[in-house]
Structures are given as structure tokens and as C-alpha cells.
2 protein chains.
Amino acid sequence: MTVHTARRATMDDVARLADVSKATVSAVLNSSAAVREDTRDRVLSAIAMLNYRAQHAPNGRRHAERGASLGLIIKEVDNPYYAEVILGARDVAEEYGYTLVVASSEGQHEVERRAVHALRGTGIEGLMLTPVLDETADLAHLFDIKRRNIPLVLLERVRGLRASLVDVDNVRASRLAADYLIARGHKRLAHFAGPAYSMHSEERVHGVRLALAGASHVVLTDNDIVTAGAHLADGYRAALTYFGARNATSRATGVTCYNDLVAIGVYRALAELRLRVPDDVSVIGFDDISLAEYAAVPLTTVRMPKRRMGGLAAQMLIQQIHSHTVLEPRGEMLESELVERASVATLPNGQPAARRRVGERS
Amino acid sequence: MTVHTARRATMDDVARLADVSKATVSAVLNSSAAVREDTRDRVLSAIAMLNYRAQHAPNGRRHAERGASLGLIIKEVDNPYYAEVILGARDVAEEYGYTLVVASSEGQHEVERRAVHALRGTGIEGLMLTPVLDETADLAHLFDIKRRNIPLVLLERVRGLRASLVDVDNVRASRLAADYLIARGHKRLAHFAGPAYSMHSEERVHGVRLALAGASHVVLTDNDIVTAGAHLADGYRAALTYFGARNATSRATGVTCYNDLVAIGVYRALAELRLRVPDDVSVIGFDDISLAEYAAVPLTTVRMPKRRMGGLAAQMLIQQIHSHTVLEPRGEMLESELVERASVATLPNGQPAARRRVGERS
DNA sequence: GTGAAAGCGCTAACAA
DNA sequence: TTGTTAGCGCTTTCAC
């Protein structure tokens, strides 16, 4: 009975079938005017009949009324770090009446590209982005955003793209974590690094290397920098391999990790290998997710100002949105600090632990 | 110099300022046709001048081309449970070429309402939702979705709304967790419950009560059901209060928790109170987030099929979207299972632990 | 390469 | 309560 047209049903189709005008259909859809019961029903069943779904209308009042939204693209859904960033952005967004919608690239460049495209299509007012950086990185979709003058804030630097940025000096933060281990008397270090698509991971590795460069009596070979990843299982596997293949004289006594999740994974591997934290191995994490405080051995870590990063990014984005002129890109570097807990031991010749801050403006 | 109009600049404004036609502006924005270098530049600087940002066009080809998206509204950003659900939904969405965009209500009904509204406005093709249920729950925005025939899948039942559903029988799952404790010889139980806005929390409390009803020799007073929440800190605080105020004879020897996060929070409180898991207190979580396996004492818990829930929801949603007819709402109940790890002790008269499954179809 | 004009699917104003 | 008509801002022919 039904005539199957290839195209999607339109409001006109519904109006025709229900034998009313488009205006009436619009009215029942939006409750914008009173419609008699039976007319309403006719319209509704016509909608059901045709499986009609409204498209978009770029129209006067209504267009402004509908809740505006801000987009955020992250790289890992199952990473509490991003959860905190989201929360920070969300709070500010809500405060200004925006709904925050988030998508994740899961570290895949192509997915990021499509997400940007899709989000752009959904009519968000502005976009925050933690970019995926791989060697093949094609930035076309980002230049597209710039060309269209869509407000944009980056949460990790992209070389060659002039855009607002909120970030932390990861080199410095990571370096001072390694320095902390060195100051505690550790002579042999290791670093469990993050995923390849992360500029932050690169920076953190670099920070560790810088610390070592300033301490000639401390050892860290290329084999002591092991690629783990961003998750619990990554740290677990990497540590199992690293410590499983080494004895007390050939392994590091202190390790820094890409993030807290990796550190907790390392914990587990250590436990299985009957190595105690911090007696046998000292561990430092990164990010300071809430879990760090809840670990059996509370984790010493570098605190990232996650909520502030998200909040500030949203703030800057909204500022761009509200501006009547094009704003100059702005770069904000936030500070991090070392949080001392119980996962680092002071070795015989080390300086005793004392609260110290990392990355403060002198 | 600039004349400030209240309204947002339109394509016409840009065209006029650049002294070209709208068609040309459209061409440079979409790279849909070749435009001479200098014309392009004129257009681009006109865009910058006016801070023009494109609005939406509900148009022929282009409209279909732009990446389609699916919406998902969750209740807690910083809960790994949802991260897994998202991942499941995301995988299926990607498989079918959709981008998943997620928003969070953070348990607030009003925020949910606005998120639904905003997402609807962004032109998503369908919506998945974990509804906030509070006493004042106004369902208008959900009926709105139905009225507009926007494909919808619920991830928690809403009374009075006929819509597709993916869920787990939480009463049963929770009940069997309590049964497990009873079978291990525990005579006094407690339950650390979740947030008020969660139907699942209610169901889990109910499940515990049912288990108790079938075991007259086991004690659980109203005081043994304590409202904690959904996070680490909630479990920590609740357990500190509960166990801090009781001695060995007046406290539970086995507790079940709303979720794993609460359980890990309970762990910490117990450690501070010098109570050991499972020697002094046995703990069961809920959800089986990956952290459960990584806890110092691996956590026994009820595994929710999180990824499958998300994946199935997306599947059902896409099916509705692709359908040329309106589909009947479909309800899928998924199965959960008890995962035995190390956090439950068998008491003198209890049956020894043995792998057992919860909620299997006989 | 570029512009004029027609049209997209929708909402809004007003008359009936 | 309903239909007519006139837009909304954008894309897309199709001449030139």
C-alpha cells in the first residue's frame, strides 16, 4: 500500500497525507499553537505512517531558542583524566547556558576527522579539541574549522595551526618528577611512556631525559624507556615485562609513568612479582586522578589542573563565540604540582622528602 | 567604522562586503568550486571582518553528506561504568558510519531536559538515554522526543513511557550478590546504596532485601542500608561513618555496594580503621569496571555487560533510524554474572566459594 | 570564475 | 482552529 520513495519524508508529505497545511504540522510538532484533538491525531498518525522525522530549519526566533551547544573532542573515553577535563568544561558551559557535547577519537586520526565534520554539521557554536598527532597527521579538517571561522580551542599544541590553546608544560612537569626521584637518592630510573599519538607523552619522555642529562651519576638507558600506553592494562603488561626480565641489580629503583592508570597497572605487576612499593620500587604517576589517593599505597604523582584546563578552554571558547570581532588566538599555560604521597622511598643518600612544588612561577 | 547590528552577520553581508555573490561565498566555504585567489582572499577577509559564522542549511545533497550522529546522554561523566557503555555504543556507531556524541546530566533532571533539547536541535539522528528519575520527574521532554518520532532507546526503564529499552535485571543481580555472602556464612550484612536519582540503585537495594527475606537467620536492619553515592569518596565517607561507629559485634561482616567505585572507597575507609578485607569485612562491588581487578585485594563483583548494553542500544537505535516504518518498541534484558575474586571470606559455617553465575537463563 | 535565480524544509505572521 | 503567504540562510543549477 505504501509507496516507497527513496527520499526521506518531508513535512509537505505529512501535511498532504493528513490533509492539513504545513503550518498545522509545524504547530503540533512544536506545540506552538492550539490544534484540535482530531486534527492532531491525524497529523500524528501521518507522521507515524511515513516515519517522518523533522529536518533542520535555520529560522528566526526558534533558531536562537534551541539550546546552543559546545563541542569537545577527547582521545580516550575510559580515562579519568578526560572525565575531569570534561567536568571542568561542562561547569562553565552550563553556567553560560550551553550544553557540552563530547565525542572521542580514541586516538585515531581518521575518527577525529569525521567527528569534527559531524560536530560541525550538528551546529555547535564552538569546538574544543585534544588533537591526535600521528606522523601522517592531515590537518585539513582543522584548517577547515579555521576557514569557516568556527571558534576553536586546542588542548594540546598542533604545529602549524594558529589557534587558542590551553596546556601545561609537560616537559617541565615530567622533568621535575624525575628530579624528585633523583633527589631521593635513586640512581637508576625507568619511564613507562604513553601512546604514540600523544604529544604529551613525547614531552614527558623528553622531560625525563632532561632530568637525567643534569645528573651524570644516574642511569637511564634507552631500554629503561618503555612504551606502555594510557591504561591500567598497559602499565601492567609493560611492567611485567620490564621487571620480570631484570634482577635487583639491573632494574630501576624508581619509575615515572605516563599517567596514574599506568602507575596503578605497574603496582599490580609489582605485586605479582613480589616487589613492594615503595620498598623495592618507587613509583610516580601523572595527572592525579582521584584514584591515586585511593590506591593501597597512595600514589605520589604530578597533579594536572584538569578541571581548570577544561573550564578555561570553555571560557575562552565562549569568549570567542560572544565576540563581535575575530579574536587573536590566545595561549594559556597552566601550572602543575607534585603531590607527595606514599609511593616513593628515600634511599640512603637521598634528601628526605619534603613538600615541594613543581612548575610554579618562581 | 564598523556598524554594529544586533543580528549575527549573514552570508549576504559577507557577499556584499566582499563584493561578490552569495554563491561565491558558498564556494569558498565549501571548496565546492574553483575560486580565483584574490576573490577568495576578499571573501575570507570579509568573513574575518564581520566575524561571520555559517548557520545551518537544510539542503539537498550536502545535507545527507555531512556526517550523521547519534546522541547518548549519561548521568555521570566520571564513572568508568558509563565509559564502557559509551565505548560499546561508539564501536557500533562507527561501524555504521555514525559519530557518537555524548552529553551528561550529572544526575540533574533539568540538565537532562536541556541536553535533550540541545541534542535535538543539533540534528542527531537518534538518542540513547539513561534517564534521571527523581520524584519531581517531568517527562515532557521525553514525550516530545516520541511525538517528533525521533528514534529513542532507554538504558533504564521510565515508567509510563513506551520506548525501546536495554537493561539488566538489577534486582536479581543484586539479590544474588547478597545470597552469595549469605552462602559464605555471613550472618550480618550491610549495603552501601547509590544516588537517589538512580532507578538501578533502588532496584539493587530491593534485591538485597529480597535475599534477606529468604534467610531469617541473617540480620540487616534499616541502619545497615546506608546511602553512599556513586563515587570513590561516597563509599569512603559512608564506610567511615558506618564502621567507625560500630564494633565487631554490631557491624556487618559482609557488605554489598552500589558499584565498584563505592567498594574501593569502602576499602580505603576499612584500611584506615585497621579492618582487613576480607578477613574482617567481606566486600562485593557492582559493575566490574577494570579497576576491580587491579585493586590491592581484587574485588569480587557483579559484572554488568556494559559494552554489550551500549552496543545493543546503538544497534537498536540504528535499526529504527534505517527503518522505513515506525518500529514497535523492543525491550532487551541482558544477563549479569558474579565474578569471584578475593574480597569475600568464607565464614566457619559457610559453603566454600565456587564459581557461580548470576542471572543466567536457567 | 562568477552571478542571478530557483529551491531546500522549515517557521512565522496574519487573515479567515 | 486552520490555511495562505512570505520569509529564514544557505546551496545549487545554469547561463555568461
# chains A, B, ... in the order shown; residues from 1 in each chain; ligands from 1
$ residues_around --residues "DT2 of chain D" --least-positions-apart "4" --cutoff "9 Å" --atoms "only C-alpha atoms (C1' of nucleotides)" --output "list in words"
Val20, Ser21, Ala23, Thr24 and Val35 of chain A; DA16 of chain C
$ select_by_dssp --residues "segment 86-298 of chain B" --states "strand (DSSP E)" --output "JSON, numbers by chain"
{"B": [99, 100, 101, 102, 103, 104, 126, 127, 128, 129, 152, 153, 154, 164, 165, 166, 167, 168, 189, 190, 191, 192, 193, 225, 226, 227, 254, 255, 256, 257, 282, 283, 284, 285, 286, 287]}
$ closest_atom_pairs --of "chain D" --to "chain A" --cutoff "10 Å" --atoms "only C-alpha atoms (C1' of nucleotides)" --output "tab-separated table"
residue	atom	partner	partner_atom	distance
D:DT1	C1'	A:Val35	CA	6.2
D:DT2	C1'	A:Thr24	CA	7.1
D:DG3	C1'	A:Ser21	CA	6.2
D:DT4	C1'	A:Ser21	CA	9.2
D:DG7	C1'	A:Asn59	CA	9.4
D:DC8	C1'	A:Asn59	CA	4.9
D:DG9	C1'	A:Pro58	CA	6.5
D:DC10	C1'	A:Pro58	CA	8.8
$ interface_residues --of "chain B" --to "chain A" --cutoff "8 Å" --atoms "only C-alpha atoms" --output "PyMOL selection string"
chain B and resi 29+44+47-58+66-69+77-78+80+83-84+86-87+99-103+114-115+117-118+121-124+147-150+232+264-265+268+290-291+294-296+324-326
$ write_last_selection --atoms "N, CA and C atoms" --output "short mmCIF file (atom, residue, chain, number, x, y, z; two decimals), in the first residue's frame"
data_model
loop_
_atom_site.label_atom_id
_atom_site.label_comp_id
_atom_site.auth_asym_id
_atom_site.auth_seq_id
_atom_site.Cartn_x
_atom_site.Cartn_y
_atom_site.Cartn_z
N LEU B 29 33.66 28.62 1.06
CA LEU B 29 33.44 27.92 2.31
C LEU B 29 33.49 26.40 2.12
N LEU B 44 37.44 35.79 2.33
CA LEU B 44 37.96 35.40 3.63
C LEU B 44 38.12 36.59 4.58
N ILE B 47 34.84 37.73 5.82
CA ILE B 47 34.38 36.83 6.88
C ILE B 47 35.01 37.22 8.21
N ALA B 48 36.31 37.46 8.18
CA ALA B 48 37.00 37.84 9.40
C ALA B 48 36.48 39.17 9.91
N MET B 49 36.30 40.09 8.98
CA MET B 49 35.82 41.43 9.30
C MET B 49 34.50 41.39 10.05
N LEU B 50 33.60 40.60 9.54
CA LEU B 50 32.26 40.54 10.11
C LEU B 50 32.14 39.47 11.19
N ASN B 51 33.24 38.71 11.38
CA ASN B 51 33.19 37.56 12.28
C ASN B 51 32.00 36.67 11.92
N TYR B 52 31.87 36.43 10.66
CA TYR B 52 30.75 35.62 10.17
C TYR B 52 30.92 34.14 10.49
N ARG B 53 29.85 33.54 10.98
CA ARG B 53 29.85 32.09 11.19
C ARG B 53 28.62 31.51 10.54
N ALA B 54 28.82 30.50 9.74
CA ALA B 54 27.71 29.93 8.96
C ALA B 54 26.62 29.37 9.85
N GLN B 55 25.42 29.49 9.39
CA GLN B 55 24.31 28.83 10.05
C GLN B 55 24.03 27.55 9.29
N HIS B 56 22.95 26.98 9.63
CA HIS B 56 22.62 25.71 9.02
C HIS B 56 21.81 25.82 7.76
N ALA B 57 22.08 24.92 6.85
CA ALA B 57 21.25 24.86 5.65
C ALA B 57 20.67 23.47 5.50
N PRO B 58 19.39 23.37 5.38
CA PRO B 58 18.73 22.08 5.25
C PRO B 58 18.63 21.76 3.78
N ARG B 66 26.88 15.31 5.12
CA ARG B 66 27.53 15.65 6.38
C ARG B 66 27.36 14.50 7.36
N GLY B 67 28.41 14.22 8.09
CA GLY B 67 28.43 13.08 8.98
C GLY B 67 27.22 13.06 9.91
N ALA B 68 26.54 11.95 9.93
CA ALA B 68 25.39 11.82 10.80
C ALA B 68 25.87 11.42 12.19
N SER B 69 25.06 11.74 13.19
CA SER B 69 25.48 11.41 14.54
C SER B 69 24.37 10.86 15.41
N VAL B 77 29.81 11.65 34.30
CA VAL B 77 30.99 11.65 33.43
C VAL B 77 32.12 10.84 34.05
N ASP B 78 32.32 11.01 35.34
CA ASP B 78 33.47 10.38 35.98
C ASP B 78 33.15 9.03 36.58
N PRO B 80 33.52 5.05 35.41
CA PRO B 80 34.02 4.14 34.38
C PRO B 80 32.93 3.22 33.81
N ALA B 83 31.78 4.87 30.87
CA ALA B 83 32.82 4.87 29.84
C ALA B 83 32.72 3.61 29.00
N GLU B 84 32.46 2.50 29.68
CA GLU B 84 32.36 1.23 28.94
C GLU B 84 31.11 1.19 28.08
N ILE B 86 29.66 3.72 26.77
CA ILE B 86 29.95 4.61 25.65
C ILE B 86 30.79 3.89 24.61
N LEU B 87 31.81 3.21 25.08
CA LEU B 87 32.70 2.50 24.16
C LEU B 87 31.92 1.48 23.32
N THR B 99 28.80 9.19 14.09
CA THR B 99 29.64 9.69 15.17
C THR B 99 28.77 9.74 16.42
N LEU B 100 29.32 9.21 17.51
CA LEU B 100 28.57 9.25 18.76
C LEU B 100 28.90 10.53 19.52
N VAL B 101 27.89 11.27 19.90
CA VAL B 101 28.15 12.45 20.72
C VAL B 101 27.45 12.25 22.06
N VAL B 102 28.19 12.52 23.13
CA VAL B 102 27.58 12.28 24.44
C VAL B 102 27.53 13.52 25.30
N ALA B 103 26.47 13.60 26.04
CA ALA B 103 26.28 14.69 26.99
C ALA B 103 25.95 14.05 28.33
N ARG B 114 17.51 20.00 29.26
CA ARG B 114 18.18 20.91 28.33
C ARG B 114 19.09 20.18 27.36
N ALA B 115 19.72 19.11 27.84
CA ALA B 115 20.59 18.34 26.96
C ALA B 115 19.79 17.70 25.83
N HIS B 117 17.04 18.74 24.65
CA HIS B 117 16.64 19.84 23.78
C HIS B 117 17.78 20.25 22.85
N ALA B 118 18.94 20.41 23.43
CA ALA B 118 20.10 20.84 22.64
C ALA B 118 20.46 19.79 21.60
N GLY B 121 18.20 19.78 18.83
CA GLY B 121 18.48 20.92 17.98
C GLY B 121 19.68 20.71 17.07
N THR B 122 20.61 19.87 17.51
CA THR B 122 21.81 19.68 16.71
C THR B 122 21.58 18.71 15.56
N GLY B 123 20.38 18.14 15.52
CA GLY B 123 20.11 17.28 14.39
C GLY B 123 20.73 15.91 14.46
N ILE B 124 20.81 15.33 15.66
CA ILE B 124 21.21 13.93 15.75
C ILE B 124 20.12 13.07 15.15
N ARG B 147 6.90 12.27 20.29
CA ARG B 147 5.99 12.98 19.40
C ARG B 147 6.65 13.31 18.07
N ARG B 148 7.89 13.69 18.16
CA ARG B 148 8.63 14.03 16.95
C ARG B 148 9.17 12.81 16.25
N ASN B 149 8.90 11.65 16.84
CA ASN B 149 9.28 10.41 16.18
C ASN B 149 10.80 10.28 16.04
N ILE B 150 11.51 10.84 17.01
CA ILE B 150 12.95 10.70 16.99
C ILE B 150 13.32 9.37 17.62
N LEU B 232 34.05 7.10 44.51
CA LEU B 232 35.03 6.69 45.49
C LEU B 232 34.81 7.37 46.83
N ILE B 264 35.63 0.40 46.37
CA ILE B 264 37.03 0.79 46.53
C ILE B 264 37.14 1.90 47.59
N GLY B 265 36.15 2.74 47.62
CA GLY B 265 36.10 3.77 48.66
C GLY B 265 35.97 3.12 50.04
N ARG B 268 39.23 1.80 51.37
CA ARG B 268 40.11 2.79 51.99
C ARG B 268 39.70 3.10 53.43
N SER B 290 37.21 -2.11 35.15
CA SER B 290 38.52 -2.77 35.07
C SER B 290 39.32 -2.58 36.36
N LEU B 291 39.05 -1.50 37.04
CA LEU B 291 39.73 -1.24 38.29
C LEU B 291 39.56 -2.36 39.32
N TYR B 294 42.25 -4.63 39.53
CA TYR B 294 43.54 -4.04 39.87
C TYR B 294 43.66 -3.59 41.31
N ALA B 295 42.59 -3.74 42.05
CA ALA B 295 42.65 -3.34 43.45
C ALA B 295 43.63 -4.24 44.19
N ALA B 296 44.17 -3.72 45.29
CA ALA B 296 45.16 -4.48 46.06
C ALA B 296 44.56 -5.83 46.44
N HIS B 324 11.98 2.12 7.39
CA HIS B 324 11.06 2.98 6.65
C HIS B 324 9.70 3.02 7.30
N THR B 325 9.53 2.22 8.31
CA THR B 325 8.28 2.24 9.05
C THR B 325 8.60 2.47 10.52
N VAL B 326 7.61 2.86 11.28
CA VAL B 326 7.83 3.03 12.70
C VAL B 326 7.86 1.65 13.35
#
$ residues_around --residues "Glu135 of chain B" --least-positions-apart "5" --cutoff "12 Å" --atoms "only C-alpha atoms (C1' of nucleotides)" --output "list in words"
Gln108, His109, Ala196, Tyr197, Ser198 and Met199 of chain B
$ select_by_dssp --residues "segment 283-313 of chain B" --states "helix (DSSP H, G or I)" --output "PyMOL selection string"
chain B and resi 291-294+306-313
$ write_last_selection --atoms "N, CA and C atoms" --output "PDB file, in the first residue's frame"
ATOM      1  N   LEU B 291      39.054  -1.505  37.039  1.00  0.00           N
ATOM      2  CA  LEU B 291      39.733  -1.243  38.286  1.00  0.00           C
ATOM      3  C   LEU B 291      39.556  -2.356  39.319  1.00  0.00           C
ATOM      4  N   ALA B 292      38.410  -3.025  39.273  1.00  0.00           N
ATOM      5  CA  ALA B 292      38.098  -4.065  40.254  1.00  0.00           C
ATOM      6  C   ALA B 292      39.199  -5.121  40.298  1.00  0.00           C
ATOM      7  N   GLU B 293      39.720  -5.427  39.146  1.00  0.00           N
ATOM      8  CA  GLU B 293      40.736  -6.455  39.027  1.00  0.00           C
ATOM      9  C   GLU B 293      42.087  -5.935  39.526  1.00  0.00           C
ATOM     10  N   TYR B 294      42.248  -4.633  39.526  1.00  0.00           N
ATOM     11  CA  TYR B 294      43.535  -4.038  39.866  1.00  0.00           C
ATOM     12  C   TYR B 294      43.661  -3.589  41.309  1.00  0.00           C
ATOM     13  N   LYS B 306      28.488  -4.132  30.163  1.00  0.00           N
ATOM     14  CA  LYS B 306      28.454  -2.709  29.832  1.00  0.00           C
ATOM     15  C   LYS B 306      28.586  -2.423  28.334  1.00  0.00           C
ATOM     16  N   ARG B 307      29.603  -3.016  27.758  1.00  0.00           N
ATOM     17  CA  ARG B 307      29.816  -2.767  26.328  1.00  0.00           C
ATOM     18  C   ARG B 307      28.662  -3.301  25.511  1.00  0.00           C
ATOM     19  N   ARG B 308      28.187  -4.464  25.887  1.00  0.00           N
ATOM     20  CA  ARG B 308      27.067  -5.022  25.133  1.00  0.00           C
ATOM     21  C   ARG B 308      25.833  -4.161  25.272  1.00  0.00           C
ATOM     22  N   MET B 309      25.647  -3.585  26.458  1.00  0.00           N
ATOM     23  CA  MET B 309      24.489  -2.712  26.642  1.00  0.00           C
ATOM     24  C   MET B 309      24.573  -1.533  25.681  1.00  0.00           C
ATOM     25  N   GLY B 310      25.734  -0.900  25.653  1.00  0.00           N
ATOM     26  CA  GLY B 310      25.912   0.231  24.755  1.00  0.00           C
ATOM     27  C   GLY B 310      25.796  -0.182  23.298  1.00  0.00           C
ATOM     28  N   GLY B 311      26.434  -1.293  22.986  1.00  0.00           N
ATOM     29  CA  GLY B 311      26.429  -1.764  21.607  1.00  0.00           C
ATOM     30  C   GLY B 311      25.031  -2.117  21.138  1.00  0.00           C
ATOM     31  N   LEU B 312      24.306  -2.817  21.986  1.00  0.00           N
ATOM     32  CA  LEU B 312      22.956  -3.229  21.620  1.00  0.00           C
ATOM     33  C   LEU B 312      22.047  -2.015  21.484  1.00  0.00           C
ATOM     34  N   ALA B 313      22.211  -1.070  22.380  1.00  0.00           N
ATOM     35  CA  ALA B 313      21.392   0.140  22.319  1.00  0.00           C
ATOM     36  C   ALA B 313      21.629   0.851  20.989  1.00  0.00           C
TER      37      ALA B 313
END
$ interface_residues --of "chain C" --to "chain B" --cutoff "12 Å" --atoms "only C-alpha atoms (C1' of nucleotides)" --output "list in words"
DG1, DT2, DG3, DA4, DA5, DG7, DC8, DG9 and DC10 of chain C
$ decode --residues "chain D" --atoms "C-alpha atoms (C1' of nucleotides)" --output "mmCIF file, in the first residue's frame"
data_model
loop_
_atom_site.group_PDB
_atom_site.id
_atom_site.type_symbol
_atom_site.label_atom_id
_atom_site.label_comp_id
_atom_site.auth_asym_id
_atom_site.auth_seq_id
_atom_site.Cartn_x
_atom_site.Cartn_y
_atom_site.Cartn_z
ATOM 1 C "C1'" DT D 1 -8.508 26.339 14.898
ATOM 2 C "C1'" DT D 2 -6.584 26.451 10.309
ATOM 3 C "C1'" DG D 3 -4.536 27.781 5.646
ATOM 4 C "C1'" DT D 4 -2.081 31.256 2.921
ATOM 5 C "C1'" DT D 5 1.857 33.618 2.158
ATOM 6 C "C1'" DA D 6 6.204 35.306 2.992
ATOM 7 C "C1'" DG D 7 10.292 34.635 4.549
ATOM 8 C "C1'" DC D 8 14.869 32.281 7.004
ATOM 9 C "C1'" DG D 9 20.069 31.441 5.419
ATOM 10 C "C1'" DC D 10 22.105 28.524 2.677
ATOM 11 C "C1'" DT D 11 23.206 25.521 -1.964
ATOM 12 C "C1'" DT D 12 22.875 24.667 -6.394
ATOM 13 C "C1'" DT D 13 21.852 24.777 -11.019
ATOM 14 C "C1'" DC D 14 22.964 27.138 -15.233
ATOM 15 C "C1'" DA D 15 23.899 30.818 -18.071
ATOM 16 C "C1'" DC D 16 27.554 34.171 -19.074
#
